[in-house]
Amino acid sequence: MDKQIFHRRALVTAILTATAAAAAPNTLFAAEDTAIEEVAVVGSRIARNAEFETATPIQVMDREAIEKSGYTNLQQMFEKNPAAGNGTFSTRGNNQDSTANGASAVSLRGMGADATLVLVNGRRVAISAFAEGITTNFVDINTIPLAAVERVEVLKDGASAIYGSDAVAGVVNLVLRDDFEGAEISVDYGGADGYDEQSTSAIWGINGENSNLTLIFDHHKNSTLASVERRGLDTADQSSRGGMDFRSSRGYPGSFNVDGSIVPDPGCPAERNAGEVCVYDYGPWTLLTPEAERTGVLLLGKNQLSDSVEFFTEVAFQHNTSVAQGAPTPLDDSAGLTAPVDHPDNPFTGASEIDIFRYRTVDAGARQWDIETDNLRGVFGLRGNISDWDWEASVQRSRSESTQTGDRSQGWVRTDLLQQEIDAGRYNPFGGVQNPRSVIDAVTTSLVRQGKSQLTSVDFTINGELFDTANGAVAMAAGLERREEEASDIPDDQFQRGLIFGTESVSASASRDITSAFVEFAIPLPASLDLTLAGRYDDYSDFGTTTNPMVNLLWTASDMLSLRASWGTGFRAPSLAQIGLGPSQESIFFADSYGCAINDAYCASTDYNIVFAGNPDLEAEESESFNIGGVLKPIDGMQLSLDYWEITQEGKIDEVPFGYLYSQFCNDQNSTVCVRSAPLPGDSLGSLQSINSSFINIGEQNVSGVDLSLVYSGLQLAGGDLGLRLDYSYLREFERVELDSSGENFLTRDLAGEYEYPQHRWSTSADWAWDTFAFTAGLNYIGEFEDTPDIDFDGTLDYDTNSSRTVDAFVTLNLQARYTGFQNMVLSLGADNALDEEPPFAIGDGDSDLYGYVQSQHDPRGRFIYGKMVYSF
């Protein structure tokens with residue numbers, strides 16, 4: 001990919017003119033190396049000289065800044081970036097109910113992981129084999145080891161005219177280390193209470209007369225952090241803290257339909273007896289952070305074939321393993337389980353019929369997954385120049401394969417086998433007893449889920465100067481690209497046959513071809529104005545074509561002041577999962593209010609299944625982005641940048657509104673959309689089983705905000721050099737337009753300041769270096785936001801009409817000390833969340849957040865102390 005080329009000193013300029021926060025407060029100071037070395041900065045395909053400032057907000061973090069951060073993976077880095085927001089997810093809270101276990105993604109502006117394009121060395125890579133939330137395709141940043149990254153470039157502006165689909169909220173480009181000579185080994189270890197991480201990496205490079213070969217190895221491992229190791233986060237009953245009691249009605253002991261009446265097991269303890277059901281606390285089974293291990297090897301090479309042609313290659317392999325865990329299998333009457341009246345353990349004397357209404361096979365243990373993911377990427381290409389025009393051609397093959405397995409020792413109960421053992425009198429479903437291991441082995445099974453994602457691409461680009469004008473040369477870049485994308489997600493057949501309960505199941509298969517062409521012009525104008533025009537045409541084999549323009553304008557008013565503005569349109573193609581989804585299940589907690597009005601047994605908030613199917617007629621989402629800002633240099637060493645940004649999405653692909661489906665169809669016993677079991681005698685509605693749904697182009701989002709960055713460097717303090725930085729991001733509005741529960745009217749809701757959407761996020765840091773010592777201190781701030789978006793927990797969001805309590809702001813302090821007094825060695829000692837702040841209490845959303853905190857925003861790990869050694873030779 002041809003991109004904007006700068007000398008090394010342009011990297012400093014890009015950092016100082018960036019408009020949003022760095023990934024962490026102690027990653028803000030890049031090395032000010034004045035040696036002549038070309039670097040690539042995302043956002044343009046045209047080569048420009050080092051004096052040119054960008055007309056779009058770009059954040060760059062070089063290798064030295066990454067080392068100062070103390071973070072060992074990209075997940076940790078992006079979680080602390082104020083420009084990121086809701087939709088940035090990680091392995092934290094990645095429990096058994098997730099559909100993308102072991103993976104992580106970044107979501108700029110809070111617009112979703114599928115609205116942020118992630119590139120590696122300027123090229124697309126294969127998406128995760130497993131989609132998150134059933135249909136959100138994304139690039140798993142866990143597949144790129146931080147040790148292999150030379151710098152991280154974040155373009156916080158729409159860029160579909162340059163890069164195509166998904167670049168709605170911005171672009172993250174991960175530039176790999178190459179042209180390395182020598183060897184370097186890095187080892188680090190850190191731990192929090194009940195948790196530890198360790199990483200080892202090595203890089204080796206050799207230069208020939210006209211070639212370079214760089215080899216990178218990285219290994220990372222972390223232990224499990226269980227909920228029982230964090231006070232207050234290990235229970236679904238948060239009533240003692242002022243929260244809700246979200247214990248499940250699928251209990252152990254259970255509840256039964258005895259001759260037409262719902263009754264709890266006689267052995268149900270009084271404190272868990274909720275009338276008709278015996279509730280169960282699944283909280284202690286939760287993993288806050290699952291065990292994970294990642295190993296990667298990268299080979300980067302180049303060879304000068306002639307004076308004007310160079311061959312280059314990138315080969316990368318990554319192997320990741322992780323685990324996921326959920327509470328033991330929850331069962332309800334949709335499983336169709338019965339207990340014979342002559343069962344030897346039957347406590348209901350005189351009963352003529354016993355159906356199992358709510359039950360949980362706790363004696364079989366937690367449901368556990370082992371996840372393995374292999375990623376392989378190969379790029380081979382040629383680049384050169386002809387008559388002062390640079391060109392590049394390459395081919396790429398990228399693949400991600402994931403396998404999710406669970407064996408019979410990991411709690412996977414099959415209902416038909418369970419029924420056989422109950423009928424034979426060997427399995428006792430009464431009293432919450434522990435059945436023999438031999439019986440558990442007879443009712444459990446092994447499962448396999450397999451996912452695969454592939455990308456094959458061919459591209460050709462050129463860039464150079466067209467002609468000279470009185471104001472400078474007019475430059476152009478152009479290119480062609482052909483991509484083939486495939487994705488499949490194959491669940492175990494036992495899921496498809498309805499024999500496995502209580503976990504989300506995904507089935508998907510789709511492919512498509514894309515042909516693209518782009519052109520970009522850089523036009524110098526009078527009065528120190530620089531205009532950039534770009535356009536891109538994409539032809540998708542499934543939904544059709546789209547054309548997107550972009551206009552950028554930069555005015556260098558003086559040495560102290562420059563102003564910039566950008567406008568462009570963008571798009572996000574329907575994900576392969578949204579198009580090719582087979583019957584797939586997602587669980588959601590809500591109260592069946594229609595059923596509750598008929599029978600008190602249906603009143604408890606319970607996780608019900610939503611069954612989705614893909615829609616091959618989906619169109620692309622369309623977007624429009626606008627940015628205006630400037631950079632002020634009032635005194636030597638100080639720079640202030642301020643930008644206002646705005647993004648609008650139309651035709652946003654969304655689920656058919658749950659509230660609409662429930663209100664329209666769930667009061668009808670015979671509905672094919674809202675599926676219920678047969679009613680109990682005298683009732684008009686049976687127990688709710690599932691709701692069928694799909695996806696439509698129906699949503700709209702209007703998102704805007706302000707980014708501020710203040711940098712002051714070169715200060716002298718106590719004989720050392722001091723640098724200060726503040727980065728702040730303000731979410732002005734996040735308006736979402738969607739159908740109301742009637743399905744007849746649209747309503748507009750503003751998410752800014754609501755649940756998971758804090759309006760204020762900032763980070764600040766100070767870095768002081770003296771002789772062989774250096775110290776960094778920084779603060780991360782995540783602002784307050786309103787709690788409980790569904791105040792009555794009936795499954796329909798009502799935050800726009802009801803007010804709730806406020807979830808407090810979360811402030812953490814990071815510290816690091818470095819020593820460089822040993823030859824070729826750097827030693828670091830640091831603490832993340834040095835004051836051991838606990839995540840602020842939250843009642844939660846009644847769905848994913850049930851344990852007293854908001855897992856997408858607040859890290860429950862606590863104080864994490866680490867040490868690191870880097871040795872070069």
# chains A, B, ... in the order shown; residues from 1 in each chain; ligands from 1

call {"tool": "residues_around", "arguments": {"residues": "Ile206 in chain A", "least_positions_apart": "3", "cutoff": "8 Å", "atoms": "only C-alpha atoms", "output": "list in words"}}
result
Phe180, Glu181, Gly182, Asn212, Leu213 and Thr214 of chain A

call {"tool": "write_last_selection", "arguments": {"atoms": "C-alpha atoms", "output": "compact mmCIF listing (two decimals), in the first residue's frame"}}
result
# COMPACT_ATOMS: atom_id res chain seq x y z
CA PHE A 180 16.07 -4.58 12.27
CA GLU A 181 19.74 -5.41 12.74
CA GLY A 182 21.06 -7.23 15.77
CA ASN A 212 17.14 -7.42 5.28
CA LEU A 213 15.62 -10.31 7.17
CA THR A 214 13.78 -9.76 10.48

call {"tool": "residues_around", "arguments": {"residues": "Glu79 in chain A", "least_positions_apart": "6", "cutoff": "10 Å", "atoms": "only C-alpha atoms", "output": "PyMOL selection string"}}
result
chain A and resi 23-24+85-86+88-90+105-107+856-859

call {"tool": "residues_around", "arguments": {"residues": "range 635-650 of chain A", "least_positions_apart": "2", "cutoff": "9 Å", "atoms": "only C-alpha atoms", "output": "ChimeraX atom specification"}}
result
/A:16-20,57,156-158,168-169,560,564,570-571,621-633,652-653,697-715

call {"tool": "select_by_dssp", "arguments": {"residues": "range 319-374 of chain A", "states": "helix (DSSP H, G or I)", "output": "list of chain:residue names"}}
result
A:Asp333, A:Ser334, A:Ala335, A:Val362, A:Asp363, A:Ala364

call {"tool": "closest_residue", "arguments": {"among": "A:Thr532, A:Thr135, A:Glu619, A:Gly844", "to": "Ala510 in chain A", "atoms": "only C-alpha atoms"}}
result
A:Thr135
